[in-house]
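Visitor: Below you'll find the structure I mean.
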Amino acid sequence: MVNTKVNLCGIEIDNPVIPASGTFGFGYEFAEIYDINILGTFSFKGTTKQERFGNPTPRIAECTAGMINSIGLQNPGIDAVIKEELPKLKSCFHKPVMANVSGFSLEEYAYVCAALDKEPQIGWIEVNISCPNVTKGGMDFGTSEEAAASVTKAVKKATTKPVIIKLSPNVTNIASIASACEAAGADGISLINTLLGMRIDLRTKKPVIANKMGGFSGRAIFPVALRMVYQVKKAVKIPIVGMGGISSARDVIEMMLAGACAVQIGAENLINPFACKEIIESLPDEMNKWGIKDISEIVGGAH
Amino acid sequence: MVNTKVNLCGIEIDNPVIPASGTFGFGYEFAEIYDINILGTFSFKGTTKQERFGNPTPRIAECTAGMINSIGLQNPGIDAVIKEELPKLKSCFHKPVMANVSGFSLEEYAYVCAALDKEPQIGWIEVNISCPNVTKGGMDFGTSEEAAASVTKAVKKATTKPVIIKLSPNVTNIASIASACEAAGADGISLINTLLGMRIDLRTKKPVIANKMGGFSGRAIFPVALRMVYQVKKAVKIPIVGMGGISSARDVIEMMLAGACAVQIGAENLINPFACKEIIESLPDEMNKWGIKDISEIVGGAH
Amino acid sequence: MCINDRFIGGTELKQSIYTVESNKLIASNVYEIVLSGDVSSIVSPGQFVNIKLDGLFLRRPISVADYSADSLTLLIKVIGEGTEALAAMKEGEKLDLLTGLGNGFDLGKGSKSPLLIGGGIGCAPLFMLCKQLCDGGTKPTVVLGFNDKSEIFYEEQFKSLTPNVIITTVDGSGGVKGFATDVIANIDYDYFYTCGPEPMMRAVSKAVVTDGQYSFEERMGCGFGACMGCSCKTKTGSKRICKEGPILESGDIIW
Amino acid sequence: MCINDRFIGGTELKQSIYTVESNKLIASNVYEIVLSGDVSSIVSPGQFVNIKLDGLFLRRPISVADYSADSLTLLIKVIGEGTEALAAMKEGEKLDLLTGLGNGFDLGKGSKSPLLIGGGIGCAPLFMLCKQLCDGGTKPTVVLGFNDKSEIFYEEQFKSLTPNVIITTVDGSGGVKGFATDVIANIDYDYFYTCGPEPMMRAVSKAVVTDGQYSFEERMGCGFGACMGCSCKTKTGSKRICKEGPILESGDIIW
Ligand SMILES: Cc1cc2nc3c(=O)[nH]c(=O)nc-3n(C[C@H](O)[C@H](O)[C@H](O)COP(=O)(O)OP(=O)(O)OC[C@H]3O[C@@H](n4cnc5c(N)ncnc54)[C@H](O)[C@@H]3O)c2cc1C
Ligand SMILES: Cc1cc2nc3c(=O)[nH]c(=O)nc-3n(C[C@H](O)[C@H](O)[C@H](O)COP(=O)(O)OP(=O)(O)OC[C@H]3O[C@@H](n4cnc5c(N)ncnc54)[C@H](O)[C@@H]3O)c2cc1C
Ligand SMILES: Cc1cc2nc3c(=O)[nH]c(=O)nc-3n(C[C@H](O)[C@H](O)[C@H](O)COP(=O)(O)O)c2cc1C
Ligand SMILES: Cc1cc2nc3c(=O)[nH]c(=O)nc-3n(C[C@H](O)[C@H](O)[C@H](O)COP(=O)(O)O)c2cc1C
Ligand code: FES
Ligand code: FES
């Protein structure tokens, strides 16, 4: 018997596998196809103060071993999330959930976090300072140390829940941004969000995505994600949630060796709705294969 | 009949397909397997002032749809390149060649460029300010506007040949670095060099690459490369050589629509030694398929 | 399981492996693929399947053109890598499909003389719709528009269901010369269903005189409601083409 | 063609498609694959082929264990994804290979009683070498080291070539108990050839009393000399394992 339990910012989760924000809705959609209580937890769709339709379509493009999305944070807004989505979730998920939050100003981030602070099912707040698909704010907060630190401070004041800052990979020095967040009080770091990418349609000779560029993710980005998790692990002491291109229990182990204490699965859920279930079910065998008894012992093992 | 000729910094080349530096040796190796005179030109192995063995092995790691390399600029040094490699090349390649140059100080860059300036077969000097595989210099020059501009100025003083600055993709704002190079006198921009990436061996639980990290390239990185070429095209007026993940004539067209006036093929040469030949041979058919008569007319067409 | 009002179709998502029973070129660039396997999740015409293909990341959404107890028929127009791979599938080869996707046409809109308007490959989902309407005792009028004669498919199959089948071609090389919408004015109908390229459906929306249902296409990430990739603004709020669609009712659409 | 002194093997790189004639499990985790196709580029034992596999980016280098006019034999130990895929290949399936890679053993070193020392899967290239030495009229002594009995392969094949075949296993479950290097001291030889894991070859270098040749492994980008991925420092300068190697002479190696 192997142990797959890990501790994420003071909360123990049954296994390190977490569906990533934006690829798992508000969870209950997946509850129709399998019992989502097998998950460590999951990160729900990026939530903002106001309701958002998001970007014009097409919002999706195919890539070799990956995809581009340009959803633009479509969500019903924090009030509807609290009034409608969370009650639905409660009926099918009995564990703490990770709230994914976005904003276009410090005030908006703080407002949403304060609102979520009162919700008992919220275990962690994952603050997305890295969405490449929104024009003002969003991405910019994730591309400088100062801005990242200022968001961290603002949300830390607004909530008592553990705050995990989600970083953008589209930067020169990810480690220094992670350090800035740690210094500003972050309880954890999650990375990577999508790489900024683009495709052009040869039929129309114009960008496939209506917004021209979008966020590139899926298996193709795994080596970049792994490298960044490794770099951030060297720079900070707080827990790291690693993601980017994970598609198997093997990848989970590799990401944890790089320094992640838990992982998220994004694009893979979209092409295989059972991805997280399959990864969780195969994790014990994979651990045995590599002689791992306790998954939390390998965190950062490659350093 | 379609026209595949393009003009690169004042020199007309028969087609826009250029094997990328580091994946085509000094050219004559490939002359054994096909007539390399069908190429537009090619960029030879990154050359430094001194001979270099490069990094310890393993230097290569497999990735989904790509690979990591950590060669570390192995090359015989500028004197041996001029004395031994270029004469060999001359016997099998009858077109201007692109010299790829690296250095660890402004003086070294200038020294190598000055030496190459006297070589009649050198058509362009491609200045690599972006190699992720060397510890001092190298990458750092490519990650700030000031450093990129200072290298550009130094090499422009040292040579009368067209100077193409090769940028690193591992930066927050590629367009501003390209602009800085343009302002400093660059005649062209080439991009992207490899993304910094990493893999861990589950058997040893340590990084696969002896140097831990390396440069990630191949098909997987195409959407990132395309996006950066698109962004740089918006920022500069000088010609752009686009590369990163190109593996077919289709990709060549997509990259040129993004803004490249010529393209380079890297990792694909390693898994298919005939890649450039096949791409060149299929380009006219592919152009016909998409209704393109003259390849130079589509440059930047997606804007 | 939780109560989930978003799953308006009420069907269950299933992932399973199917075997290619046959694959035939039936018109210029159009293939008819018959698959055998679990069809229990397919509950209404207008639903689609999402197909995994080797070497491609995203699945490819294709309407169910017909199904029986243990087989389903897809009609595929080749336009890119994925549909090319489908066209090349051989008897006995396996395909990984998600089924039970999309709301499907709502046949409960009680109509005596429905009109079906298809454009090109958009005729595919109308076949199963036509079959079920006929099974229910109504004989719809069917208008199928193509560019030219070489593109016409399933003419006989539709005619075996209902006598009222009108083919149009833009260049007049087959059937009536003109657009599908050109012949609508002369038809008696009290409801309509349409599927085809968006410009055609936009023209339909101007030509029709009754309510009806439209089948839409959008680039999809997942096809089952998880990614918000396929959202579309409607008069009753944002809808996912893969989930609350692909069929939208005329009163709901913002053209 | 240009004169190129780097191509010391003088063989030509070829890319072609091969058909799997047979694939057999011949020892614990070791498969023997016979391929038919163009072998014109294979000119000496110790050369290798580089194999493209679906879904994997880099090719996988595998030594030629044997070849005839139109077929070649590979012996493969399963260690990861690529070798797993090879183990799963079925008769009639196709493989894309680069052939003509590597310098190969130099048989021109005029030896009357050569010694061949193989370790595990490293025994593979020694088979073809042994065959050619025997064809040339010398009967080499062959020492093949394995971990245990289950891993032993090609014992009979080697014995059919030369009477002097010694098998060793670390746990004594087959042949002589111990390491391959343990039995060398009692053998009369005037030259040697070895291939095996690096720790074994290092032990060989300490145990041998004559000159000889070693076959090395390195992670490869291209396998044909283009990328400098496989470089190795030697006493006569930097060499590419895929090009100036994989066979290096004892006097050249920096341990
Ligand atoms: C609900 C629905 C039902 C469909 N039913 C059918 C059908 O019955 N028969 C049929 O031939 N086609 C149908 N299509 C269109 C079909 O999905 C596309 O032709 C196909 O995805 C193109 O893939 P490709 O790889 O050949 O083209 P590529 O252009 O190489 O595909 C690139 C990407 O764009 C997407 N894409 C391209 N065109 C479309 C499109 N028109 N709609 C949605 N995504 C697209 C692809 O899925 C892929 O992700 C349907 C689409 C939808 C949304
Ligand atoms: C010149 C040469 C000859 C060889 N001959 C044989 C042979 O005859 N039979 C045999 O079974 N094996 C042989 N090998 C080793 C064989 O190449 C590896 O076992 C194989 O590449 C592993 O691939 P994988 O996908 O199964 O493992 P993975 O670990 O998944 O491979 C990941 C990457 O590492 C590389 N790699 C892993 N192990 C090795 C290794 N030992 N040497 C080189 N690259 C490695 C792979 O090629 C791939 O790029 C030879 C290697 C070389 C260099
Ligand atoms: C369709 C889609 C929507 C996403 N939406 C969000 C979001 O709302 N908030 C967020 O923090 N990340 C979002 N992401 C990023 C993912 O959570 C994840 O960081 C990224 O996709 C990398 O992981 P992957 O390679 O496993 O997909 C989204 C990704 C995808 C593919
Ligand atoms: C093995 C290898 C060696 C490389 N060496 C160099 C080099 O010496 N100088 C340089 O500017 N780029 C070098 N590169 C980067 C390539 O020229 C190219 O920018 C990069 O690989 C992206 O293109 P690709 O995806 O087609 O490989 C090297 C790449 C590889 C794979
Ligand atoms: S395609 Fe993912 S929600 Fe519709
Ligand atoms: S593997 Fe590329 S040079 Fe040897």
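In the structure tokens, the first chain shown is A, the next is B, and so on; residue numbers restart at 1 for each chain, and ligands run from 1 in the order shown.
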Let me have all residues with an atom within 8 Å of ligand 3, counting only C-alpha atoms and all ligand atoms, laid out as a JSON list (two decimals) with N, CA, C and O atoms, in the first residue's frame.
Guide:
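selection_8.json written:
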```
[["chain", "number", "residue", "atom", "x", "y", "z"],
["A", 19, "PRO", "N", -7.93, 18.88, -10.88],
["A", 19, "PRO", "CA", -8.29, 19.45, -12.18],
["A", 19, "PRO", "C", -8.05, 20.96, -12.17],
["A", 19, "PRO", "O", -8.37, 21.62, -11.17],
["A", 20, "ALA", "N", -7.48, 21.47, -13.25],
["A", 20, "ALA", "CA", -7.08, 22.88, -13.30],
["A", 20, "ALA", "C", -8.25, 23.78, -13.65],
["A", 20, "ALA", "O", -9.18, 23.39, -14.37],
["A", 21, "SER", "N", -8.16, 24.98, -13.16],
["A", 21, "SER", "CA", -9.21, 25.98, -13.41],
["A", 21, "SER", "C", -9.46, 26.17, -14.90],
["A", 21, "SER", "O", -8.54, 26.24, -15.70],
["A", 22, "GLY", "N", -10.73, 26.24, -15.24],
["A", 22, "GLY", "CA", -11.12, 26.52, -16.62],
["A", 22, "GLY", "C", -11.34, 25.27, -17.44],
["A", 22, "GLY", "O", -11.79, 25.35, -18.59],
["A", 23, "THR", "N", -11.01, 24.13, -16.86],
["A", 23, "THR", "CA", -11.16, 22.89, -17.62],
["A", 23, "THR", "C", -12.07, 21.91, -16.88],
["A", 23, "THR", "O", -12.18, 20.75, -17.27],
["A", 43, "SER", "N", -9.92, 23.00, -8.92],
["A", 43, "SER", "CA", -9.89, 24.46, -8.98],
["A", 43, "SER", "C", -10.99, 24.89, -9.93],
["A", 43, "SER", "O", -11.01, 24.47, -11.08],
["A", 44, "PHE", "N", -11.92, 25.70, -9.43],
["A", 44, "PHE", "CA", -13.06, 26.01, -10.32],
["A", 44, "PHE", "C", -12.76, 27.12, -11.30],
["A", 44, "PHE", "O", -11.71, 27.76, -11.25],
["A", 45, "LYS", "N", -13.68, 27.35, -12.22],
["A", 45, "LYS", "CA", -13.50, 28.33, -13.31],
["A", 45, "LYS", "C", -13.19, 29.71, -12.76],
["A", 45, "LYS", "O", -13.85, 30.18, -11.82],
["A", 46, "GLY", "N", -12.21, 30.37, -13.34],
["A", 46, "GLY", "CA", -11.79, 31.69, -12.92],
["A", 46, "GLY", "C", -12.98, 32.63, -12.73],
["A", 46, "GLY", "O", -13.76, 32.84, -13.64],
["A", 47, "THR", "N", -13.09, 33.17, -11.51],
["A", 47, "THR", "CA", -14.25, 33.98, -11.15],
["A", 47, "THR", "C", -13.84, 35.43, -10.96],
["A", 47, "THR", "O", -12.81, 35.73, -10.37],
["A", 60, "ILE", "N", -10.84, 28.69, -29.69],
["A", 60, "ILE", "CA", -10.08, 27.45, -29.55],
["A", 60, "ILE", "C", -9.29, 27.20, -30.83],
["A", 60, "ILE", "O", -9.82, 27.39, -31.93],
["A", 66, "GLY", "N", -1.22, 19.95, -28.28],
["A", 66, "GLY", "CA", -1.77, 20.95, -27.38],
["A", 66, "GLY", "C", -2.85, 21.77, -28.05],
["A", 66, "GLY", "O", -3.29, 21.46, -29.16],
["A", 67, "MET", "N", -3.27, 22.81, -27.37],
["A", 67, "MET", "CA", -4.35, 23.64, -27.89],
["A", 67, "MET", "C", -4.17, 25.07, -27.41],
["A", 67, "MET", "O", -3.46, 25.34, -26.45],
["A", 68, "ILE", "N", -4.83, 25.99, -28.10],
["A", 68, "ILE", "CA", -4.86, 27.37, -27.65],
["A", 68, "ILE", "C", -6.29, 27.68, -27.23],
["A", 68, "ILE", "O", -7.24, 27.27, -27.91],
["A", 69, "ASN", "N", -6.44, 28.36, -26.09],
["A", 69, "ASN", "CA", -7.77, 28.83, -25.73],
["A", 69, "ASN", "C", -7.73, 30.33, -25.49],
["A", 69, "ASN", "O", -6.71, 30.90, -25.12],
["A", 70, "SER", "N", -8.86, 30.94, -25.75],
["A", 70, "SER", "CA", -9.00, 32.37, -25.53],
["A", 70, "SER", "C", -10.40, 32.60, -24.99],
["A", 70, "SER", "O", -11.21, 33.31, -25.56],
["A", 71, "ILE", "N", -10.67, 31.93, -23.86],
["A", 71, "ILE", "CA", -12.01, 32.02, -23.28],
["A", 71, "ILE", "C", -12.26, 33.44, -22.78],
["A", 71, "ILE", "O", -13.34, 34.00, -22.98],
["A", 72, "GLY", "N", -11.26, 34.01, -22.14],
["A", 72, "GLY", "CA", -11.43, 35.37, -21.63],
["A", 72, "GLY", "C", -12.26, 35.40, -20.37],
["A", 72, "GLY", "O", -13.06, 36.30, -20.15],
["A", 73, "LEU", "N", -12.04, 34.37, -19.52],
["A", 73, "LEU", "CA", -12.65, 34.37, -18.19],
["A", 73, "LEU", "C", -14.17, 34.46, -18.20],
["A", 73, "LEU", "O", -14.76, 35.21, -17.42],
["A", 74, "GLN", "N", -14.80, 33.71, -19.09],
["A", 74, "GLN", "CA", -16.26, 33.65, -19.03],
["A", 74, "GLN", "C", -16.69, 33.06, -17.68],
["A", 74, "GLN", "O", -16.24, 31.99, -17.29],
["A", 100, "ASN", "N", -10.73, 29.75, -7.89],
["A", 100, "ASN", "CA", -9.81, 30.47, -8.78],
["A", 100, "ASN", "C", -10.38, 31.86, -9.06],
["A", 100, "ASN", "O", -11.52, 31.99, -9.48],
["A", 101, "VAL", "N", -9.57, 32.87, -8.81],
["A", 101, "VAL", "CA", -10.05, 34.24, -8.80],
["A", 101, "VAL", "C", -9.25, 35.11, -9.77],
["A", 101, "VAL", "O", -8.03, 34.99, -9.84],
["A", 102, "SER", "N", -9.95, 35.97, -10.50],
["A", 102, "SER", "CA", -9.26, 36.94, -11.35],
["A", 102, "SER", "C", -9.83, 38.34, -11.13],
["A", 102, "SER", "O", -10.93, 38.48, -10.58],
["A", 126, "GLU", "N", -6.99, 30.43, -5.18],
["A", 126, "GLU", "CA", -5.92, 30.46, -6.17],
["A", 126, "GLU", "C", -6.11, 31.75, -6.97],
["A", 126, "GLU", "O", -7.13, 31.93, -7.64],
["A", 127, "VAL", "N", -5.14, 32.63, -6.87],
["A", 127, "VAL", "CA", -5.27, 33.95, -7.47],
["A", 127, "VAL", "C", -4.54, 33.97, -8.81],
["A", 127, "VAL", "O", -3.32, 33.87, -8.87],
["A", 128, "ASN", "N", -5.34, 34.08, -9.85],
["A", 128, "ASN", "CA", -4.80, 34.06, -11.20],
["A", 128, "ASN", "C", -4.31, 35.46, -11.58],
["A", 128, "ASN", "O", -5.11, 36.35, -11.84],
["A", 129, "ILE", "N", -2.98, 35.62, -11.61],
["A", 129, "ILE", "CA", -2.45, 36.93, -12.04],
["A", 129, "ILE", "C", -1.82, 36.76, -13.42],
["A", 129, "ILE", "O", -0.94, 37.49, -13.82],
["A", 130, "SER", "N", -2.34, 35.78, -14.14],
["A", 130, "SER", "CA", -1.59, 35.35, -15.32],
["A", 130, "SER", "C", -2.44, 35.02, -16.53],
["A", 130, "SER", "O", -1.95, 34.43, -17.47],
["A", 131, "CYS", "N", -3.70, 35.41, -16.52],
["A", 131, "CYS", "CA", -4.52, 35.03, -17.67],
["A", 131, "CYS", "C", -4.11, 35.83, -18.90],
["A", 131, "CYS", "O", -4.16, 37.06, -18.89],
["A", 166, "LYS", "N", -1.15, 32.19, -8.71],
["A", 166, "LYS", "CA", -0.91, 31.45, -9.96],
["A", 166, "LYS", "C", -0.15, 32.32, -10.95],
["A", 166, "LYS", "O", -0.64, 33.35, -11.40],
["A", 191, "LEU", "N", 1.74, 27.11, -10.75],
["A", 191, "LEU", "CA", 2.25, 27.45, -12.08],
["A", 191, "LEU", "C", 2.35, 26.17, -12.89],
["A", 191, "LEU", "O", 2.44, 25.09, -12.30],
["A", 192, "ILE", "N", 2.23, 26.28, -14.20],
["A", 192, "ILE", "CA", 2.17, 27.49, -14.99],
["A", 192, "ILE", "C", 0.78, 27.68, -15.56],
["A", 192, "ILE", "O", 0.06, 26.71, -15.79],
["A", 193, "ASN", "N", 0.43, 28.92, -15.77],
["A", 193, "ASN", "CA", -0.72, 29.21, -16.61],
["A", 193, "ASN", "C", -0.29, 28.97, -18.05],
["A", 193, "ASN", "O", 0.80, 28.48, -18.30],
["A", 194, "THR", "N", -1.11, 29.31, -18.99],
["A", 194, "THR", "CA", -0.80, 29.01, -20.39],
["A", 194, "THR", "C", 0.30, 29.91, -20.96],
["A", 194, "THR", "O", 0.47, 31.05, -20.54],
["A", 215, "GLY", "N", -4.01, 31.31, -25.03],
["A", 215, "GLY", "CA", -3.17, 30.56, -24.09],
["A", 215, "GLY", "C", -2.94, 29.15, -24.59],
["A", 215, "GLY", "O", -3.87, 28.40, -24.81],
["A", 216, "PHE", "N", -1.68, 28.80, -24.73],
["A", 216, "PHE", "CA", -1.27, 27.51, -25.28],
["A", 216, "PHE", "C", -1.01, 26.56, -24.12],
["A", 216, "PHE", "O", -0.25, 26.87, -23.20],
["A", 217, "SER", "N", -1.67, 25.41, -24.14],
["A", 217, "SER", "CA", -1.43, 24.42, -23.09],
["A", 217, "SER", "C", -1.62, 23.01, -23.62],
["A", 217, "SER", "O", -1.91, 22.81, -24.79],
["A", 218, "GLY", "N", -1.42, 22.05, -22.75],
["A", 218, "GLY", "CA", -1.46, 20.64, -23.17],
["A", 218, "GLY", "C", -0.07, 20.04, -23.16],
["A", 218, "GLY", "O", 0.93, 20.71, -22.87],
["A", 219, "ARG", "N", -0.01, 18.77, -23.50],
["A", 219, "ARG", "CA", 1.24, 17.99, -23.37],
["A", 219, "ARG", "C", 2.50, 18.69, -23.87],
["A", 219, "ARG", "O", 3.57, 18.54, -23.31],
["A", 220, "ALA", "N", 2.36, 19.47, -24.94],
["A", 220, "ALA", "CA", 3.51, 20.12, -25.55],
["A", 220, "ALA", "C", 4.28, 21.00, -24.57],
["A", 220, "ALA", "O", 5.49, 21.16, -24.70],
["A", 221, "ILE", "N", 3.60, 21.58, -23.59],
["A", 221, "ILE", "CA", 4.27, 22.57, -22.74],
["A", 221, "ILE", "C", 4.92, 21.98, -21.49],
["A", 221, "ILE", "O", 5.52, 22.69, -20.69],
["A", 222, "PHE", "N", 4.82, 20.67, -21.34],
["A", 222, "PHE", "CA", 5.32, 20.02, -20.12],
["A", 222, "PHE", "C", 6.78, 20.37, -19.79],
["A", 222, "PHE", "O", 7.08, 20.70, -18.63],
["A", 243, "MET", "N", 1.75, 22.54, -12.74],
["A", 243, "MET", "CA", 0.87, 22.12, -13.84],
["A", 243, "MET", "C", 1.44, 22.58, -15.17],
["A", 243, "MET", "O", 2.37, 23.38, -15.23],
["A", 244, "GLY", "N", 0.84, 22.06, -16.24],
["A", 244, "GLY", "CA", 1.28, 22.36, -17.59],
["A", 244, "GLY", "C", 1.63, 21.07, -18.30],
["A", 244, "GLY", "O", 2.69, 20.51, -18.09],
["A", 245, "GLY", "N", 0.68, 20.57, -19.08],
["A", 245, "GLY", "CA", 0.96, 19.42, -19.93],
["A", 245, "GLY", "C", 0.94, 18.07, -19.25],
["A", 245, "GLY", "O", 1.32, 17.08, -19.87],
["A", 246, "ILE", "N", 0.48, 18.01, -18.03],
["A", 246, "ILE", "CA", 0.44, 16.70, -17.35],
["A", 246, "ILE", "C", -0.68, 15.85, -17.95],
["A", 246, "ILE", "O", -1.81, 16.30, -18.08],
["A", 247, "SER", "N", -0.35, 14.61, -18.32],
["A", 247, "SER", "CA", -1.37, 13.75, -18.92],
["A", 247, "SER", "C", -1.34, 12.32, -18.38],
["A", 247, "SER", "O", -2.09, 11.48, -18.86],
["A", 264, "GLN", "N", -1.88, 20.04, -11.09],
["A", 264, "GLN", "CA", -3.17, 20.26, -11.74],
["A", 264, "GLN", "C", -3.13, 19.73, -13.17],
["A", 264, "GLN", "O", -2.09, 19.71, -13.82],
["A", 265, "ILE", "N", -4.30, 19.32, -13.62],
["A", 265, "ILE", "CA", -4.46, 18.78, -14.96],
["A", 265, "ILE", "C", -5.44, 19.68, -15.69],
["A", 265, "ILE", "O", -6.58, 19.85, -15.23],
["A", 266, "GLY", "N", -5.02, 20.26, -16.80],
["A", 266, "GLY", "CA", -5.88, 21.18, -17.53],
["A", 266, "GLY", "C", -6.41, 20.59, -18.81],
["A", 266, "GLY", "O", -7.37, 19.82, -18.84],
["A", 267, "ALA", "N", -5.76, 20.94, -19.92],
["A", 267, "ALA", "CA", -6.24, 20.58, -21.26],
["A", 267, "ALA", "C", -6.57, 19.09, -21.40],
["A", 267, "ALA", "O", -7.49, 18.73, -22.14],
["A", 268, "GLU", "N", -5.85, 18.26, -20.70],
["A", 268, "GLU", "CA", -6.08, 16.82, -20.83],
["A", 268, "GLU", "C", -7.52, 16.43, -20.49],
["A", 268, "GLU", "O", -8.08, 15.50, -21.07],
["A", 270, "LEU", "N", -10.07, 17.98, -21.29],
["A", 270, "LEU", "CA", -10.97, 18.34, -22.39],
["A", 270, "LEU", "C", -10.98, 17.26, -23.47],
["A", 270, "LEU", "O", -12.01, 17.02, -24.11],
["C", 221, "GLY", "N", -13.31, 23.00, -27.70],
["C", 221, "GLY", "CA", -12.21, 22.43, -26.92],
["C", 221, "GLY", "C", -12.58, 21.04, -26.47],
["C", 221, "GLY", "O", -11.86, 20.08, -26.71],
["C", 226, "ALA", "N", -17.29, 21.65, -20.70],
["C", 226, "ALA", "CA", -16.33, 21.95, -19.63],
["C", 226, "ALA", "C", -15.50, 23.20, -19.84],
["C", 226, "ALA", "O", -15.06, 23.81, -18.88],
["C", 227, "CYS", "N", -15.27, 23.61, -21.09],
["C", 227, "CYS", "CA", -14.23, 24.63, -21.32],
["C", 227, "CYS", "C", -14.73, 26.02, -21.68],
["C", 227, "CYS", "O", -13.96, 26.96, -21.69],
["C", 228, "MET", "N", -15.99, 26.15, -22.02],
["C", 228, "MET", "CA", -16.55, 27.44, -22.46],
["C", 228, "MET", "C", -15.93, 27.91, -23.78],
["C", 228, "MET", "O", -15.99, 29.09, -24.10],
["C", 229, "GLY", "N", -15.39, 26.99, -24.53],
["C", 229, "GLY", "CA", -14.76, 27.36, -25.79],
["C", 229, "GLY", "C", -15.78, 27.76, -26.84],
["C", 229, "GLY", "O", -15.48, 28.54, -27.75]]
```
Visitor: At most 8 Å is the cut-off: for each residue in chain C with any atom that close to an atom of ligand 5, write down the nearest atom pair and the distance in Å rounded to one decimal, counting only C-alpha atoms and all ligand atoms, chain first then increasing number, as a Markdown table.
Guide:
```
| residue | atom | partner | partner_atom_place_in_ligand_line | distance |
| --- | --- | --- | --- | --- |
| C:Glu218 | CA | ligand 5 | 1 (S) | 7.9 |
| C:Arg219 | CA | ligand 5 | 1 (S) | 7.0 |
| C:Met220 | CA | ligand 5 | 1 (S) | 3.7 |
| C:Gly221 | CA | ligand 5 | 1 (S) | 4.4 |
| C:Cys222 | CA | ligand 5 | 2 (Fe) | 3.9 |
| C:Gly223 | CA | ligand 5 | 1 (S) | 3.9 |
| C:Phe224 | CA | ligand 5 | 2 (Fe) | 5.7 |
| C:Gly225 | CA | ligand 5 | 3 (S) | 3.4 |
| C:Ala226 | CA | ligand 5 | 3 (S) | 4.6 |
| C:Cys227 | CA | ligand 5 | 2 (Fe) | 3.8 |
| C:Met228 | CA | ligand 5 | 3 (S) | 3.8 |
| C:Gly229 | CA | ligand 5 | 2 (Fe) | 4.7 |
| C:Cys230 | CA | ligand 5 | 4 (Fe) | 4.4 |
| C:Ser231 | CA | ligand 5 | 4 (Fe) | 6.6 |
| C:Arg240 | CA | ligand 5 | 4 (Fe) | 5.2 |
| C:Ile241 | CA | ligand 5 | 4 (Fe) | 5.8 |
| C:Cys242 | CA | ligand 5 | 4 (Fe) | 4.3 |
| C:Lys243 | CA | ligand 5 | 4 (Fe) | 6.3 |
```
Visitor: At a cut-off of 12 Å, list the chain C residues touching chain A, using only C-alpha atoms, as a ChimeraX atom specification.
Guide: /C:1-8,10-16,50-61,79-82,96-100,217-234,237-241,243
Visitor: Among segment 177-225 of chain C, which residues does DSSP mark as alpha helix (DSSP H) when it is run on the backbone? Keep the chain and numbering as in the structure and answer as a PyMOL selection string.
Guide: chain C and resi 198-207
Visitor: For chain A, work out the contacting residues on chain B at 6 Å, counting only C-alpha atoms, and write them as a ChimeraX atom specification.
Guide: /B:64,170-172,197-198,205-206,220,223-224,227,302
Visitor: Take atom CA of Ser150 of chain D and atom 3 (C, counted along the ligand's line) of ligand 2 and report the distance between them in Å, one decimal.
Guide: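 Between atom CA of Ser150 of chain D and atom 3 (C, counted along the ligand's line) of ligand 2 the gap works out to 22.0 Å.
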Visitor: What residues in segment 72-198 of chain A get the DSSP label strand (DSSP E or B)? Please answer as number ranges by chain.
Guide: A: 75, 97-101, 122-128, 163-166, 188-191, 195-197
Visitor: Hey, what's within 10 Å of Gly251 of chain C if we count only C-alpha atoms and toss same-chain stuff fewer than 6 positions away? As a list of chain:residue names, please?
Guide: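 Here the answer would be C:Asp211, C:Gly212, C:Gln213, C:Thr234, C:Lys235, C:Thr236.
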Visitor: Please provide the set of residues having any atom within 10 Å of Ser205 of chain C, restricted to only C-alpha atoms, with same-chain residues fewer than 3 positions apart removed, written as number ranges by chain.
Guide: C: 181, 194, 199-202, 208-212, 214, 250, 253, 255
Visitor: Give me the residues within 12 Å of Asp66 of chain C as a PyMOL selection string, counting only C-alpha atoms and dropping any in the same chain fewer than 6 places off.
Guide: chain C and resi 32-36+39+42-49+72-75+123-132+154+157-158
Visitor: Considering only C-alpha atoms, return as a list in words whatever protein or nucleic-acid residues lie within 10 Å of Ala147 of chain B, sequence-local ones (same chain, fewer than 3 positions apart) excluded.
Guide: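 So, after excluding close chain neighbours, the residues are Leu106, Ile129, Gly137, Asp140, Phe141, Gly142, Thr143, Ser144, Ser150, Val151, Thr152, Lys153, Ile177, Ala180 and Cys181 of chain B.
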